[in-house]
Every structure is written in C-alpha cells, then in structure tokens.
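Pasted below: query.cif, mmCIF, N, CA and C atoms.
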data_coords
#
loop_
_atom_site.label_atom_id
_atom_site.label_comp_id
_atom_site.auth_asym_id
_atom_site.auth_seq_id
_atom_site.Cartn_x
_atom_site.Cartn_y
_atom_site.Cartn_z
N MET A 1 113.88 26.64 55.01
CA MET A 1 114.46 27.38 53.91
C MET A 1 115.16 26.38 52.99
N SER A 2 114.94 26.50 51.70
CA SER A 2 115.55 25.59 50.75
C SER A 2 117.04 25.86 50.60
N VAL A 3 117.73 24.88 50.09
CA VAL A 3 119.17 25.01 49.92
C VAL A 3 119.50 26.07 48.88
N SER A 4 118.70 26.15 47.82
CA SER A 4 118.96 27.16 46.79
C SER A 4 118.79 28.56 47.37
N LYS A 5 117.81 28.73 48.26
CA LYS A 5 117.62 30.02 48.92
C LYS A 5 118.80 30.32 49.85
N ARG A 6 119.29 29.31 50.55
CA ARG A 6 120.46 29.49 51.42
C ARG A 6 121.68 29.89 50.59
N LYS A 7 121.86 29.21 49.46
CA LYS A 7 123.00 29.53 48.59
C LYS A 7 122.87 30.96 48.08
N HIS A 8 121.67 31.34 47.69
CA HIS A 8 121.43 32.70 47.19
C HIS A 8 121.74 33.73 48.29
N ASP A 9 121.23 33.47 49.50
CA ASP A 9 121.49 34.39 50.62
C ASP A 9 122.97 34.47 50.95
N LEU A 10 123.65 33.34 50.93
CA LEU A 10 125.09 33.33 51.21
C LEU A 10 125.86 34.08 50.13
N THR A 11 125.44 33.92 48.89
CA THR A 11 126.09 34.65 47.79
C THR A 11 125.86 36.16 47.95
N LEU A 12 124.66 36.56 48.33
CA LEU A 12 124.39 37.98 48.56
C LEU A 12 125.22 38.53 49.72
N GLN A 13 125.32 37.76 50.80
CA GLN A 13 126.16 38.18 51.92
C GLN A 13 127.62 38.32 51.48
N LEU A 14 128.06 37.41 50.64
CA LEU A 14 129.42 37.45 50.12
C LEU A 14 129.64 38.72 49.29
N ILE A 15 128.68 39.07 48.47
CA ILE A 15 128.77 40.28 47.64
C ILE A 15 128.81 41.53 48.51
N VAL A 16 127.93 41.60 49.50
CA VAL A 16 127.90 42.76 50.39
C VAL A 16 129.21 42.89 51.15
N THR A 17 129.72 41.78 51.65
CA THR A 17 130.97 41.80 52.39
C THR A 17 132.14 42.17 51.49
N ARG A 18 132.14 41.65 50.27
CA ARG A 18 133.20 42.01 49.32
C ARG A 18 133.18 43.51 49.03
N ASN A 19 131.97 44.07 48.87
CA ASN A 19 131.85 45.50 48.61
C ASN A 19 132.35 46.32 49.79
N ALA A 20 132.04 45.88 51.00
CA ALA A 20 132.52 46.57 52.20
C ALA A 20 134.04 46.51 52.28
N LEU A 21 134.59 45.36 51.95
CA LEU A 21 136.05 45.20 51.96
C LEU A 21 136.70 46.09 50.90
N ALA A 22 136.09 46.18 49.73
CA ALA A 22 136.62 47.03 48.66
C ALA A 22 136.57 48.51 49.06
N ALA A 23 135.49 48.93 49.70
CA ALA A 23 135.39 50.32 50.17
C ALA A 23 136.44 50.60 51.24
N TYR A 24 136.62 49.65 52.15
CA TYR A 24 137.64 49.78 53.18
C TYR A 24 139.03 49.93 52.55
N LEU A 25 139.30 49.09 51.56
CA LEU A 25 140.60 49.13 50.90
C LEU A 25 140.84 50.47 50.21
N LYS A 26 139.82 51.02 49.57
CA LYS A 26 139.97 52.33 48.92
C LYS A 26 140.32 53.41 49.94
N LEU A 27 139.62 53.39 51.06
CA LEU A 27 139.93 54.36 52.12
C LEU A 27 141.33 54.13 52.68
N ARG A 28 141.68 52.88 52.86
CA ARG A 28 143.01 52.55 53.40
C ARG A 28 144.09 53.07 52.47
N LYS A 29 143.91 52.90 51.18
CA LYS A 29 144.90 53.39 50.22
C LYS A 29 144.96 54.91 50.20
N ALA A 30 143.81 55.55 50.35
CA ALA A 30 143.77 57.01 50.30
C ALA A 30 144.39 57.63 51.56
N LYS A 31 144.07 57.07 52.71
CA LYS A 31 144.55 57.65 53.97
C LYS A 31 145.90 57.07 54.41
N GLY A 32 146.16 55.83 54.07
CA GLY A 32 147.38 55.18 54.51
C GLY A 32 147.22 54.44 55.83
N TYR A 33 146.10 54.60 56.49
CA TYR A 33 145.81 53.92 57.75
C TYR A 33 144.30 53.87 57.93
N MET A 34 143.85 53.10 58.90
CA MET A 34 142.42 53.03 59.22
C MET A 34 142.28 52.99 60.73
N SER A 35 141.10 53.36 61.21
CA SER A 35 140.89 53.31 62.65
C SER A 35 140.70 51.85 63.08
N VAL A 36 141.03 51.59 64.30
CA VAL A 36 140.87 50.24 64.84
C VAL A 36 139.40 49.85 64.85
N ALA A 37 138.51 50.79 65.15
CA ALA A 37 137.07 50.50 65.20
C ALA A 37 136.56 50.07 63.82
N GLU A 38 136.97 50.77 62.76
CA GLU A 38 136.55 50.40 61.40
C GLU A 38 137.05 49.01 61.04
N SER A 39 138.29 48.75 61.38
CA SER A 39 138.89 47.45 61.07
C SER A 39 138.20 46.34 61.84
N ASN A 40 137.92 46.58 63.11
CA ASN A 40 137.26 45.56 63.93
C ASN A 40 135.86 45.26 63.42
N HIS A 41 135.13 46.29 63.01
CA HIS A 41 133.78 46.10 62.50
C HIS A 41 133.80 45.23 61.23
N LEU A 42 134.68 45.55 60.31
CA LEU A 42 134.77 44.77 59.08
C LEU A 42 135.26 43.36 59.37
N ARG A 43 136.24 43.23 60.24
CA ARG A 43 136.76 41.92 60.60
C ARG A 43 135.64 41.04 61.19
N ASN A 44 134.83 41.62 62.06
CA ASN A 44 133.74 40.86 62.66
C ASN A 44 132.72 40.41 61.62
N SER A 45 132.43 41.27 60.65
CA SER A 45 131.47 40.88 59.61
C SER A 45 132.04 39.78 58.72
N LEU A 46 133.35 39.82 58.48
CA LEU A 46 133.99 38.76 57.70
C LEU A 46 133.93 37.43 58.45
N PHE A 47 134.23 37.46 59.73
CA PHE A 47 134.17 36.24 60.53
C PHE A 47 132.74 35.72 60.66
N GLU A 48 131.76 36.62 60.74
CA GLU A 48 130.35 36.19 60.79
C GLU A 48 129.95 35.48 59.50
N LEU A 49 130.42 36.00 58.37
CA LEU A 49 130.14 35.35 57.09
C LEU A 49 130.74 33.95 57.07
N CYS A 50 131.95 33.82 57.56
CA CYS A 50 132.60 32.50 57.61
C CYS A 50 131.83 31.56 58.53
N ALA A 51 131.36 32.07 59.65
CA ALA A 51 130.59 31.24 60.59
C ALA A 51 129.26 30.80 59.96
N THR A 52 128.63 31.68 59.22
CA THR A 52 127.39 31.32 58.52
C THR A 52 127.65 30.19 57.53
N TYR A 53 128.73 30.30 56.79
CA TYR A 53 129.09 29.25 55.83
C TYR A 53 129.33 27.92 56.54
N ARG A 54 130.07 27.96 57.62
CA ARG A 54 130.34 26.72 58.37
C ARG A 54 129.03 26.09 58.85
N GLY A 55 128.09 26.92 59.27
CA GLY A 55 126.81 26.40 59.73
C GLY A 55 125.98 25.79 58.61
N GLU A 56 126.08 26.36 57.43
CA GLU A 56 125.29 25.90 56.28
C GLU A 56 125.98 24.77 55.51
N TYR A 57 127.27 24.60 55.71
CA TYR A 57 128.05 23.65 54.91
C TYR A 57 127.47 22.23 54.87
N PRO A 58 127.07 21.65 56.01
CA PRO A 58 126.56 20.27 55.93
C PRO A 58 125.38 20.11 54.97
N ARG A 59 124.49 21.09 54.93
CA ARG A 59 123.34 21.01 54.02
C ARG A 59 123.75 21.35 52.59
N LEU A 60 124.62 22.33 52.45
CA LEU A 60 125.04 22.74 51.10
C LEU A 60 125.80 21.64 50.38
N LYS A 61 126.67 20.94 51.09
CA LYS A 61 127.51 19.94 50.43
C LYS A 61 126.70 18.77 49.88
N LEU A 62 125.51 18.56 50.41
CA LEU A 62 124.66 17.47 49.94
C LEU A 62 123.97 17.80 48.62
N VAL A 63 123.81 19.10 48.34
CA VAL A 63 122.99 19.50 47.20
C VAL A 63 123.77 20.22 46.10
N LEU A 64 124.72 21.06 46.49
CA LEU A 64 125.41 21.89 45.49
C LEU A 64 126.37 21.08 44.64
N HIS A 65 126.56 21.55 43.44
CA HIS A 65 127.55 20.98 42.54
C HIS A 65 128.94 21.25 43.12
N LYS A 66 129.87 20.36 42.85
CA LYS A 66 131.20 20.50 43.45
C LYS A 66 131.90 21.79 43.03
N ASP A 67 131.61 22.30 41.83
CA ASP A 67 132.20 23.56 41.40
C ASP A 67 131.67 24.73 42.23
N GLU A 68 130.38 24.71 42.52
CA GLU A 68 129.78 25.76 43.34
C GLU A 68 130.35 25.72 44.76
N LEU A 69 130.46 24.54 45.29
CA LEU A 69 130.98 24.38 46.64
C LEU A 69 132.44 24.83 46.71
N ALA A 70 133.22 24.51 45.68
CA ALA A 70 134.62 24.95 45.64
C ALA A 70 134.72 26.47 45.54
N ALA A 71 133.85 27.08 44.75
CA ALA A 71 133.86 28.54 44.62
C ALA A 71 133.49 29.20 45.94
N LEU A 72 132.48 28.68 46.62
CA LEU A 72 132.11 29.20 47.93
C LEU A 72 133.26 29.05 48.92
N HIS A 73 133.88 27.89 48.89
CA HIS A 73 134.99 27.63 49.81
C HIS A 73 136.15 28.59 49.58
N ARG A 74 136.50 28.81 48.30
CA ARG A 74 137.60 29.76 47.98
C ARG A 74 137.26 31.17 48.44
N ALA A 75 136.03 31.58 48.22
CA ALA A 75 135.60 32.92 48.62
C ALA A 75 135.66 33.09 50.13
N LEU A 76 135.23 32.08 50.85
CA LEU A 76 135.25 32.17 52.31
C LEU A 76 136.66 32.04 52.86
N ASP A 77 137.52 31.31 52.19
CA ASP A 77 138.94 31.30 52.58
C ASP A 77 139.53 32.70 52.43
N ALA A 78 139.18 33.37 51.33
CA ALA A 78 139.68 34.73 51.11
C ALA A 78 139.13 35.69 52.16
N ALA A 79 137.85 35.52 52.52
CA ALA A 79 137.26 36.37 53.56
C ALA A 79 137.94 36.14 54.89
N SER A 80 138.22 34.89 55.20
CA SER A 80 138.91 34.56 56.45
C SER A 80 140.32 35.14 56.46
N SER A 81 141.00 35.04 55.34
CA SER A 81 142.35 35.60 55.22
C SER A 81 142.33 37.12 55.40
N ALA A 82 141.34 37.78 54.81
CA ALA A 82 141.22 39.23 54.96
C ALA A 82 140.93 39.59 56.42
N ALA A 83 140.10 38.80 57.08
CA ALA A 83 139.79 39.06 58.49
C ALA A 83 141.04 38.95 59.36
N VAL A 84 141.84 37.95 59.09
CA VAL A 84 143.09 37.79 59.85
C VAL A 84 144.03 38.95 59.54
N CYS A 85 144.07 39.37 58.29
CA CYS A 85 144.90 40.52 57.90
C CYS A 85 144.48 41.77 58.66
N LEU A 86 143.18 41.92 58.88
CA LEU A 86 142.68 43.09 59.60
C LEU A 86 143.06 43.07 61.08
N MET A 87 143.50 41.93 61.57
CA MET A 87 143.92 41.82 62.96
C MET A 87 145.36 42.31 63.14
N THR A 88 146.08 42.48 62.05
CA THR A 88 147.47 42.92 62.11
C THR A 88 147.55 44.41 61.84
N GLY A 89 148.70 44.94 61.93
CA GLY A 89 148.91 46.33 61.53
C GLY A 89 148.96 47.32 62.66
N GLY A 90 148.71 46.90 63.88
CA GLY A 90 148.81 47.83 65.00
C GLY A 90 150.27 48.14 65.28
N HIS A 91 150.59 49.41 65.37
CA HIS A 91 151.98 49.79 65.60
C HIS A 91 152.06 50.69 66.83
N ASP A 92 152.47 51.89 66.65
CA ASP A 92 152.71 52.79 67.78
C ASP A 92 151.44 53.39 68.35
N CYS A 93 150.45 53.62 67.53
CA CYS A 93 149.23 54.28 67.98
C CYS A 93 148.12 53.25 68.19
N PRO A 94 147.50 53.22 69.36
CA PRO A 94 146.45 52.21 69.60
C PRO A 94 145.13 52.49 68.90
N LEU A 95 144.97 53.66 68.29
CA LEU A 95 143.70 54.00 67.64
C LEU A 95 143.69 53.74 66.14
N TYR A 96 144.86 53.62 65.53
CA TYR A 96 144.96 53.46 64.08
C TYR A 96 145.84 52.28 63.73
N ILE A 97 145.52 51.64 62.62
CA ILE A 97 146.34 50.53 62.14
C ILE A 97 146.61 50.70 60.65
N THR A 98 147.65 50.06 60.20
CA THR A 98 147.97 50.04 58.77
C THR A 98 148.03 48.59 58.34
N VAL A 99 146.98 48.13 57.68
CA VAL A 99 146.92 46.75 57.22
C VAL A 99 147.56 46.63 55.85
N ASP A 100 147.93 45.43 55.50
CA ASP A 100 148.58 45.15 54.22
C ASP A 100 147.55 45.23 53.08
N ALA A 101 147.63 46.30 52.31
CA ALA A 101 146.66 46.52 51.23
C ALA A 101 146.76 45.45 50.15
N ASP A 102 147.95 44.94 49.90
CA ASP A 102 148.11 43.91 48.87
C ASP A 102 147.36 42.63 49.24
N LYS A 103 147.40 42.26 50.51
CA LYS A 103 146.68 41.06 50.94
C LYS A 103 145.18 41.25 50.81
N LEU A 104 144.71 42.43 51.16
CA LEU A 104 143.27 42.71 51.02
C LEU A 104 142.87 42.71 49.55
N GLU A 105 143.72 43.25 48.70
CA GLU A 105 143.44 43.28 47.27
C GLU A 105 143.35 41.86 46.71
N HIS A 106 144.26 41.01 47.14
CA HIS A 106 144.24 39.61 46.69
C HIS A 106 142.96 38.92 47.16
N ALA A 107 142.55 39.19 48.38
CA ALA A 107 141.30 38.60 48.90
C ALA A 107 140.10 39.06 48.08
N ILE A 108 140.07 40.33 47.72
CA ILE A 108 138.96 40.87 46.92
C ILE A 108 138.94 40.23 45.54
N GLU A 109 140.10 40.07 44.93
CA GLU A 109 140.17 39.44 43.61
C GLU A 109 139.67 37.99 43.66
N THR A 110 140.06 37.27 44.70
CA THR A 110 139.60 35.89 44.85
C THR A 110 138.09 35.84 45.07
N MET A 111 137.59 36.75 45.88
CA MET A 111 136.14 36.81 46.11
C MET A 111 135.40 37.16 44.83
N ASN A 112 135.93 38.09 44.05
CA ASN A 112 135.32 38.45 42.77
C ASN A 112 135.21 37.25 41.84
N LEU A 113 136.29 36.51 41.72
CA LEU A 113 136.31 35.33 40.86
C LEU A 113 135.28 34.31 41.32
N SER A 114 135.24 34.07 42.61
CA SER A 114 134.29 33.09 43.15
C SER A 114 132.84 33.54 42.95
N ILE A 115 132.58 34.82 43.17
CA ILE A 115 131.22 35.33 42.97
C ILE A 115 130.81 35.17 41.51
N ARG A 116 131.71 35.49 40.59
CA ARG A 116 131.40 35.32 39.17
C ARG A 116 131.08 33.86 38.86
N GLN A 117 131.86 32.94 39.42
CA GLN A 117 131.61 31.52 39.17
C GLN A 117 130.25 31.10 39.73
N LEU A 118 129.92 31.58 40.91
CA LEU A 118 128.64 31.23 41.52
C LEU A 118 127.47 31.78 40.71
N VAL A 119 127.58 33.03 40.31
CA VAL A 119 126.51 33.66 39.54
C VAL A 119 126.36 33.01 38.17
N ASN A 120 127.49 32.72 37.50
CA ASN A 120 127.43 32.07 36.19
C ASN A 120 126.85 30.66 36.29
N HIS A 121 127.21 29.96 37.35
CA HIS A 121 126.68 28.60 37.53
C HIS A 121 125.18 28.65 37.77
N GLN A 122 124.74 29.64 38.53
CA GLN A 122 123.31 29.81 38.81
C GLN A 122 122.57 30.16 37.52
N ALA A 123 123.17 31.04 36.70
CA ALA A 123 122.52 31.44 35.45
C ALA A 123 122.40 30.27 34.48
N THR A 124 123.44 29.43 34.39
CA THR A 124 123.36 28.28 33.48
C THR A 124 122.39 27.24 34.01
N ALA A 125 122.27 27.12 35.32
CA ALA A 125 121.32 26.17 35.90
C ALA A 125 119.88 26.59 35.64
N GLU A 126 119.64 27.91 35.62
CA GLU A 126 118.31 28.40 35.39
C GLU A 126 117.93 28.36 33.91
N ALA A 127 118.91 28.38 33.04
CA ALA A 127 118.64 28.41 31.59
C ALA A 127 118.18 27.09 31.05
#
Exercise: express the given structure as structure tokens:
Amino acid sequence: MSVSKRKHDLTLQLIVTRNALAAYLKLRKAKGYMSVAESNHLRNSLFELCATYRGEYPRLKLVLHKDELAALHRALDAASSAAVCLMTGGHDCPLYITVDADKLEHAIETMNLSIRQLVNHQATAEA
C-alpha cells in the first residue's frame, strides 16, 4: 500500500472517529451522563486510531510534508487526550459516567483543525 493511500485511510479513520466523538458529546450534553459501555467502546476506537498512527509513523515521516505530519500528530494527540478523558468520570454508579464535556469539545476542535489542514494540503498537492 502506498504512503498516500495510508495517509488517505488514516485521514478517513480520523474523520470517522471525530464524528463518533462529536455524536457522543451531543448525547453526553443532552443526557448529562453516558453508559460505561458506550464510553469504553469509543475510548477503544480512539486508542486503536492512535495505535494505527504509531504503526504507520515510520513510513509516513519519510514521505509526508512536515506540515501534514504535524497536523496528523496534533489530531492524534487530541484523540489520545479524549480517550484518556473517557477513562475518567466514574462516580457513585458503576454503570454510568460523566466525562468532562469541555475537554471532549476541545479535542474535537483540534481534530477539526487538523483534518482541515490535511484535506487542504492534499487538495493543493493535487492541483
């Protein structure tokens, strides 16, 4: 698989994960809490995305422009931060948690910015 295909796949995974995180955040704000199972599922997908990036990093760093690599790195840092945030929030009830919505919002904003940079860089490279 070519590096450009890997970058494209990683960007798509980032978009899907960002969308899942945004949907989770909307539900969290509406209900005020989330189930532990929902949080664990999203947390695991965020960590899987980070693991995929770590696995691809040696090949990506040889080919990608430093701006693209920095944008990917920022996005994955935000995903990792959101995953850690999802590990917190357990209080009195073992079935429900209340995670910090502000931290998740910040992670989504960072991911949005990084995705825009990646997509814009790809569009200018193709032009």
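In this model, the gap between CA of Leu86 (chain A) and CA of Ala70 (chain A) comes to 24.3 Å.
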Mind the document's chain letters and residue numbers, and return as a ChimeraX atom specification the residues of region 23-117 of chain A that DSSP labels strand (DSSP E).
-> /A:34-35,96-97
Contact residues around region 105-111 of chain A with only C-alpha atoms at 7 Å, ignoring same-chain residues under 2 positions, as a PyMOL selection string = chain A and resi 18+22+75+78-79+82+101-103+113-115
Atom pair CA of Leu64 (chain A) / CA of Arg43 (chain A): separation (Å) =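 Interatomic distance, CA of Leu64 (chain A) to CA of Arg43 (chain A): 27.5 Å.
CA of Ser45 (chain A) sits 10.1 Å away from CA of Val16 (chain A).
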From the list A:Val36, A:Leu46, A:Ala23, A:Leu118, which residue is nearest Asp67 (chain A) when using only N, CA and C atoms?
-> A:Leu118
